[in-house]
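Enquirer: Input structure: data-v1.cif, which contains mmCIF, C-alpha atoms and all ligand atoms.
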data_start
#
loop_
_atom_site.label_atom_id
_atom_site.label_comp_id
_atom_site.auth_asym_id
_atom_site.auth_seq_id
_atom_site.Cartn_x
_atom_site.Cartn_y
_atom_site.Cartn_z
CA MET B 26 24.37 27.27 16.32
CA LYS B 27 21.07 29.09 16.89
CA ILE B 28 18.02 27.70 15.18
CA VAL B 29 16.22 30.09 12.85
CA SER B 30 12.54 29.46 12.16
CA PRO B 31 11.18 31.33 9.13
CA SER B 32 7.50 32.07 9.70
CA ILE B 33 5.71 31.12 6.51
CA LEU B 34 3.02 33.68 7.32
CA SER B 35 5.18 36.16 5.41
CA ALA B 36 5.92 33.83 2.47
CA ASP B 37 4.60 34.37 -1.03
CA PHE B 38 1.73 31.88 -1.20
CA LEU B 39 1.46 32.14 -4.96
CA ASN B 40 4.92 30.58 -5.08
CA PHE B 41 4.71 28.53 -1.94
CA GLN B 42 6.66 25.45 -3.04
CA LYS B 43 9.45 27.58 -4.45
CA GLU B 44 9.59 29.57 -1.21
CA ILE B 45 9.90 26.40 0.89
CA GLU B 46 12.51 24.85 -1.39
CA SER B 47 14.69 27.95 -1.26
CA PHE B 48 15.67 26.93 2.31
CA LYS B 49 16.74 23.44 1.23
CA ASN B 50 20.45 23.86 1.98
CA GLU B 51 20.12 25.63 5.31
CA LYS B 52 21.16 23.90 8.52
CA ASN B 53 19.44 24.27 11.89
CA LEU B 54 16.24 25.59 10.41
CA TRP B 55 12.64 24.92 11.37
CA PHE B 56 9.56 26.13 9.51
CA HIS B 57 7.26 28.07 11.80
CA LEU B 58 3.56 27.60 10.99
CA ASP B 59 1.18 30.13 12.52
CA VAL B 60 -2.24 28.53 12.80
CA MET B 61 -4.81 31.22 13.71
CA ASP B 62 -8.53 30.68 14.19
CA GLY B 63 -9.90 34.23 13.86
CA HIS B 64 -11.11 33.93 17.45
CA TYR B 65 -8.20 33.77 19.87
CA VAL B 66 -6.52 36.29 17.55
CA PRO B 67 -8.19 38.68 15.08
CA ASN B 68 -6.73 36.95 12.04
CA LEU B 69 -7.32 33.71 10.18
CA THR B 70 -4.51 31.85 8.44
CA PHE B 71 -4.25 28.23 7.35
CA GLY B 72 -5.19 24.83 8.64
CA LYS B 73 -4.47 21.23 7.80
CA THR B 74 -5.88 21.52 4.27
CA ILE B 75 -3.06 23.87 3.33
CA LEU B 76 -0.30 22.37 5.47
CA LYS B 77 -0.90 18.66 4.89
CA ASP B 78 1.66 18.16 2.09
CA LEU B 79 4.34 20.51 3.34
CA HIS B 80 6.36 17.67 4.90
CA LYS B 81 6.63 16.04 1.46
CA ILE B 82 8.73 18.87 0.06
CA THR B 83 11.04 19.59 3.00
CA ASN B 84 13.17 17.74 5.55
CA HIS B 85 13.23 20.68 7.94
CA LYS B 86 11.33 20.39 11.20
CA LEU B 87 7.81 21.77 11.20
CA ASP B 88 6.94 23.93 14.19
CA ALA B 89 3.24 24.67 14.60
CA HIS B 90 2.21 27.67 16.71
CA PHE B 91 -1.49 27.37 17.52
CA MET B 92 -3.10 30.74 18.17
CA VAL B 93 -6.50 29.19 18.72
CA THR B 94 -9.11 29.18 21.47
CA ASN B 95 -9.33 25.39 21.77
CA PRO B 96 -5.88 23.94 21.08
CA GLU B 97 -7.00 20.51 22.31
CA ASP B 98 -9.22 20.21 19.23
CA TYR B 99 -6.17 20.36 16.95
CA ILE B 100 -4.02 17.62 18.51
CA GLU B 101 -5.67 14.71 16.71
CA GLN B 102 -6.41 16.70 13.57
CA PHE B 103 -2.78 17.62 12.82
CA LYS B 104 -1.07 14.49 14.11
CA ASP B 105 -0.32 12.78 10.78
CA ILE B 106 1.25 15.58 8.72
CA GLY B 107 4.78 15.47 10.07
CA ILE B 108 4.59 18.28 12.63
CA TYR B 109 7.61 18.12 14.96
CA ASN B 110 6.68 20.71 17.57
CA PHE B 111 3.15 21.52 18.74
CA SER B 112 2.96 24.83 20.65
CA PHE B 113 -0.14 26.07 22.47
CA HIS B 114 -0.81 29.26 24.40
CA TRP B 115 -0.74 29.20 28.21
CA GLU B 116 -3.83 31.42 28.23
CA THR B 117 -5.98 29.02 26.19
CA CYS B 118 -5.90 26.09 28.57
CA ASP B 119 -6.85 25.19 32.16
CA ASP B 120 -5.24 21.84 32.77
CA HIS B 121 -1.80 22.39 31.29
CA LEU B 122 -0.26 19.14 32.47
CA ALA B 123 -3.06 17.09 30.93
CA MET B 124 -2.74 19.03 27.68
CA ILE B 125 1.03 18.46 27.54
CA LYS B 126 0.54 14.77 28.16
CA ARG B 127 -1.96 14.51 25.29
CA ILE B 128 0.31 16.37 22.87
CA LYS B 129 3.24 14.11 23.79
CA GLU B 130 1.28 11.08 22.63
CA HIS B 131 1.44 12.33 19.04
CA TYR B 132 4.29 14.85 18.68
CA PRO B 133 8.02 14.64 19.46
CA SER B 134 8.07 18.10 21.01
CA VAL B 135 5.62 20.21 23.04
CA GLY B 136 5.85 23.98 23.27
CA LEU B 137 4.23 26.39 25.69
CA VAL B 138 3.62 29.95 24.46
CA LEU B 139 3.35 33.09 26.59
CA HIS B 140 1.28 36.00 25.35
CA PRO B 141 3.07 39.34 25.97
CA SER B 142 0.55 40.11 28.73
CA THR B 143 1.27 36.87 30.62
CA ASP B 144 3.56 37.08 33.63
CA CYS B 145 6.33 34.49 33.35
CA LYS B 146 6.10 33.86 37.09
CA ASP B 147 2.58 32.46 36.58
CA ILE B 148 4.01 29.31 34.99
CA PRO B 149 4.65 26.70 37.69
CA LEU B 150 7.91 24.81 37.67
CA GLU B 151 6.06 21.49 37.38
CA VAL B 152 4.74 22.67 33.98
CA ILE B 153 8.08 24.11 32.83
CA LYS B 154 9.67 20.74 33.60
CA GLU B 155 7.33 18.93 31.20
CA VAL B 156 7.73 21.04 28.05
CA ASN B 157 10.39 20.82 25.35
CA LEU B 158 10.10 24.45 24.32
CA ILE B 159 8.98 27.78 25.73
CA LEU B 160 7.97 30.43 23.23
CA VAL B 161 8.13 34.01 24.50
CA MET B 162 5.94 36.18 22.28
CA SER B 163 7.52 39.56 21.60
CA VAL B 164 4.51 41.01 19.75
CA ASN B 165 0.77 40.65 20.28
CA PRO B 166 -0.10 37.46 18.39
CA GLY B 167 -2.04 37.79 15.15
CA PHE B 168 0.08 39.51 12.54
CA GLY B 169 3.56 39.62 11.11
CA GLY B 170 5.52 42.83 10.69
CA GLN B 171 4.97 44.34 14.17
CA SER B 172 7.62 45.94 16.40
CA PHE B 173 9.50 43.97 19.02
CA MET B 174 8.34 44.45 22.63
CA THR B 175 11.35 44.86 24.88
CA ASN B 176 9.65 43.45 27.98
CA SER B 177 10.16 40.02 26.42
CA LEU B 178 13.90 40.24 27.20
CA ASP B 179 13.36 39.88 30.94
CA LYS B 180 11.09 36.88 30.36
CA ILE B 181 13.75 35.22 28.23
CA LYS B 182 16.35 35.83 30.97
CA TYR B 183 13.96 34.48 33.58
CA PHE B 184 13.48 31.18 31.71
CA ASP B 185 17.18 30.92 30.94
CA GLU B 186 17.94 31.24 34.66
CA ILE B 187 15.39 28.58 35.57
CA ARG B 188 16.84 26.32 32.91
CA LYS B 189 20.32 26.64 34.40
CA LYS B 190 19.22 26.45 38.01
CA GLU B 191 17.03 23.38 37.52
CA ASN B 192 19.37 21.77 35.01
CA LEU B 193 16.64 21.58 32.33
CA ASN B 194 17.12 21.56 28.59
CA PHE B 195 13.98 23.06 27.05
CA VAL B 196 14.43 25.31 24.02
CA ILE B 197 13.75 29.03 24.43
CA GLN B 198 12.12 30.47 21.33
CA VAL B 199 11.13 34.06 20.60
CA ASP B 200 8.56 35.21 18.05
CA GLY B 201 7.73 38.67 16.75
CA GLY B 202 9.69 41.67 15.50
CA ILE B 203 12.97 39.79 15.15
CA ASN B 204 15.51 41.53 12.94
CA GLU B 205 19.28 41.99 12.89
CA GLN B 206 19.21 44.30 15.93
CA THR B 207 16.65 42.56 18.14
CA ALA B 208 18.24 39.18 17.36
CA LYS B 209 21.39 40.36 19.14
CA ASP B 210 19.41 41.30 22.23
CA VAL B 211 17.41 38.09 22.44
CA ILE B 212 20.48 35.92 21.88
CA ASN B 213 22.26 37.77 24.71
CA ALA B 214 19.21 37.16 26.90
CA GLY B 215 19.39 33.38 26.29
CA VAL B 216 17.32 32.50 23.22
CA ASP B 217 18.16 29.39 21.13
CA ASN B 218 15.48 29.59 18.46
CA LEU B 219 14.48 32.75 16.59
CA VAL B 220 11.24 32.95 14.64
CA ALA B 221 11.36 35.55 11.89
CA GLY B 222 8.78 36.31 9.25
CA SER B 223 9.08 39.66 7.56
CA PHE B 224 12.82 40.07 8.17
CA ILE B 225 13.56 36.95 6.12
CA PHE B 226 10.82 37.03 3.49
CA LYS B 227 11.18 40.73 2.73
CA SER B 228 14.94 40.39 2.24
CA ASP B 229 16.56 39.89 -1.18
CA ASN B 230 18.63 36.96 0.03
CA TYR B 231 17.10 34.59 2.59
CA SER B 232 20.38 32.89 3.34
CA ASP B 233 22.08 36.20 4.17
CA ALA B 234 19.13 37.26 6.32
CA ILE B 235 19.44 34.02 8.32
CA LYS B 236 23.19 34.57 8.74
CA LYS B 237 22.57 38.09 9.99
CA LEU B 238 20.10 36.82 12.59
CA ARG B 239 22.59 34.27 13.89
C1 LIG Q 301 2.57 36.59 15.00
C2 LIG Q 301 3.19 35.28 14.60
C3 LIG Q 301 4.59 35.37 14.13
C4 LIG Q 301 4.82 36.26 12.92
C5 LIG Q 301 6.16 36.91 13.11
O1 LIG Q 301 1.38 36.34 15.64
O2 LIG Q 301 3.17 34.38 15.68
O3 LIG Q 301 5.15 34.09 13.93
O4 LIG Q 301 4.79 35.58 11.72
O5 LIG Q 301 6.35 37.84 12.10
P1 LIG Q 301 7.49 38.94 12.15
O6 LIG Q 301 8.80 38.23 12.23
O7 LIG Q 301 7.29 39.69 10.88
O8 LIG Q 301 7.24 39.77 13.39
ZN ZN Q 302 4.27 32.45 15.54
#
Hey, can you dump this file as structure tokens for me?
Expert:
Amino acid sequence: MKIVSPSILSADFLNFQKEIESFKNEKNLWFHLDVMDGHYVPNLTFGKTILKDLHKITNHKLDAHFMVTNPEDYIEQFKDIGIYNFSFHWETCDDHLAMIKRIKEHYPSVGLVLHPSTDCKDIPLEVIKEVNLILVMSVNPGFGGQSFMTNSLDKIKYFDEIRKKENLNFVIQVDGGINEQTAKDVINAGVDNLVAGSFIFKSDNYSDAIKKLR
């Protein structure tokens, strides 16, 4: 079963606990947490102050997507709040292998994110082999509610082929503009984990929206 990761960026923050608890009975669900610094992307969201108690009200895995200029500064800071996956952008780092190694010391899963402008062939196999997840961005990072960029489909296929050829088992995640239609396309291309913000939180029934995505 595909994993669906509701992006809390689109949740109603005035009713945050209720929003989180409404996913209590779902299976194969992660919460996607978009941490933005107002520098790498032109938007500012939430940090540890807001996220620190989230793990106390849910058993679902917490998936943090750092859209920040200096992801290394966040590894220590976020390590004790129950984050399962720590994803950083390829473009924000020079020594990727060292970064992955540092993240692994504190988090069960490490994710590497590709900005839509990044060529998938730039990522060396030695790096791909070390990560647990590859996130293909299908919108320019920064905001929810944008339209899906179709060039992400070839990137997803590319990583799926590498995964098969090299006998690897990293998760392929997609983020941005995912709805009932684009979900079909990304699943056909090889995605296992679909991040969705507005499609879920703007729907009348979250459970139905998740079913439609799968
Ligand atoms: C965008 C974020 C996404 C965003 C997706 O920078 O990384 O996670 O919340 O929102 P939708 O699903 O509305 O495109
Ligand atoms: Zn995201």
Enquirer: From the set B:Asp98, B:Glu205, B:Asp105, B:Asp59, which residue has the shortest atom-to-atom contact distance to ligand ZN 302 (chain Q), counting only C-alpha atoms and all ligand atoms?
Expert: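 Once distances to ligand ZN 302 (chain Q) are computed over only C-alpha atoms and all ligand atoms, the minimum belongs to B:Asp59.
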Enquirer: Rounded to one decimal place, report the CA of Val93 in chain B-CA of Ile197 in chain B distance in Å.
Expert: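 For CA of Val93 in chain B relative to CA of Ile197 in chain B, the distance reads 21.0 Å.
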Enquirer: Neighbouring residues of Ile106 in chain B were defined as those with any atom within 12 Å, considering all atoms listed in the file; residues of the same chain fewer than 4 positions away were excluded. Please report them as a ChimeraX atom specification.
Expert: /B:72-82,86-89,100-102,110-111,131-132
Enquirer: Nearest to ligand LIG 301 (chain Q) among B:Tyr231, B:Phe56, B:Trp115, B:Tyr109, with distances taken over all atoms listed in the file: which residue is it?
Expert: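 Ranking B:Tyr231, B:Phe56, B:Trp115, B:Tyr109 by distance to ligand LIG 301 (chain Q), first place goes to B:Phe56.
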Enquirer: Mind giving me the straight-line distance from CA of Asn165 in chain B to CA of Tyr99 in chain B in Å, one decimal?
Expert: 21.7 Å
Enquirer: Give the answer as one residue: which of B:Lys126, B:His140, B:Lys49, B:Arg239 has the shortest atom-to-atom distance to Leu160 in chain B, using only C-alpha atoms?
Expert: B:His140
Enquirer: Could you jot down the CA of Glu130 in chain B to atom O2 of ligand LIG 301 (chain Q) separation for me, Å, one decimal place?
Expert: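 Interatomic distance, CA of Glu130 in chain B to atom O2 of ligand LIG 301 (chain Q): 24.4 Å.
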Enquirer: Pick from B:Met92, B:Met162, B:Ala221, B:Ile28: nearest to ligand LIG 301 (chain Q), with only C-alpha atoms and all ligand atoms counted?
Expert: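 Checking each of B:Met92, B:Met162, B:Ala221, B:Ile28 against ligand LIG 301 (chain Q), counting only C-alpha atoms and all ligand atoms, the winner is B:Ala221.
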Enquirer: Please identify every residue of chain B that has at least one atom no farther than 9 Å from an atom of ligand ZN 302 (chain Q), counting all atoms listed in the file, and for each give the shortest atom pair and the distance in Å to one decimal, arranged by chain then increasing number, as a tab-separated table.
Expert:
residue	atom	partner	partner_atom	distance
B:Ser32	CA	Q:ZN302	ZN	6.7
B:Leu34	CA	Q:ZN302	ZN	8.4
B:His57	CA	Q:ZN302	ZN	6.5
B:Leu58	CA	Q:ZN302	ZN	6.7
B:Asp59	CA	Q:ZN302	ZN	4.9
B:Val60	CA	Q:ZN302	ZN	8.1
B:Ala89	CA	Q:ZN302	ZN	7.9
B:His90	CA	Q:ZN302	ZN	5.3
B:Phe91	CA	Q:ZN302	ZN	7.9
B:Met92	CA	Q:ZN302	ZN	8.0
B:Leu160	CA	Q:ZN302	ZN	8.8
B:Met162	CA	Q:ZN302	ZN	7.9
B:Pro166	CA	Q:ZN302	ZN	7.2
B:Gly167	CA	Q:ZN302	ZN	8.3
B:Phe168	CA	Q:ZN302	ZN	8.7
B:Gly169	CA	Q:ZN302	ZN	8.5
B:Val199	CA	Q:ZN302	ZN	8.7
B:Asp200	CA	Q:ZN302	ZN	5.7
B:Gly201	CA	Q:ZN302	ZN	7.2
B:Val220	CA	Q:ZN302	ZN	7.0
B:Ala221	CA	Q:ZN302	ZN	8.6
B:Gly222	CA	Q:ZN302	ZN	8.6
Enquirer: Write the residues of the selection above to a file with C-alpha atoms, as a PDB file, keeping the file's coordinate frame.
Expert:
ATOM      1  CA  SER B  32       7.500  32.070   9.700  1.00  0.00           C
ATOM      2  CA  LEU B  34       3.020  33.680   7.320  1.00  0.00           C
ATOM      3  CA  HIS B  57       7.260  28.070  11.800  1.00  0.00           C
ATOM      4  CA  LEU B  58       3.560  27.600  10.990  1.00  0.00           C
ATOM      5  CA  ASP B  59       1.180  30.130  12.520  1.00  0.00           C
ATOM      6  CA  VAL B  60      -2.240  28.530  12.800  1.00  0.00           C
ATOM      7  CA  ALA B  89       3.240  24.670  14.600  1.00  0.00           C
ATOM      8  CA  HIS B  90       2.210  27.670  16.710  1.00  0.00           C
ATOM      9  CA  PHE B  91      -1.490  27.370  17.520  1.00  0.00           C
ATOM     10  CA  MET B  92      -3.100  30.740  18.170  1.00  0.00           C
ATOM     11  CA  LEU B 160       7.970  30.430  23.230  1.00  0.00           C
ATOM     12  CA  MET B 162       5.940  36.180  22.280  1.00  0.00           C
ATOM     13  CA  PRO B 166      -0.100  37.460  18.390  1.00  0.00           C
ATOM     14  CA  GLY B 167      -2.040  37.790  15.150  1.00  0.00           C
ATOM     15  CA  PHE B 168       0.080  39.510  12.540  1.00  0.00           C
ATOM     16  CA  GLY B 169       3.560  39.620  11.110  1.00  0.00           C
ATOM     17  CA  VAL B 199      11.130  34.060  20.600  1.00  0.00           C
ATOM     18  CA  ASP B 200       8.560  35.210  18.050  1.00  0.00           C
ATOM     19  CA  GLY B 201       7.730  38.670  16.750  1.00  0.00           C
ATOM     20  CA  VAL B 220      11.240  32.950  14.640  1.00  0.00           C
ATOM     21  CA  ALA B 221      11.360  35.550  11.890  1.00  0.00           C
ATOM     22  CA  GLY B 222       8.780  36.310   9.250  1.00  0.00           C
TER      23      GLY B 222
END
Enquirer: Of the candidates B:Ala208, B:Ile153, B:Val216, B:Leu139, which shows the shortest atom-to-atom distance to Ile235 in chain B, using all atoms listed in the file?
Expert: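 Smallest separation from Ile235 in chain B among the options: B:Ala208.
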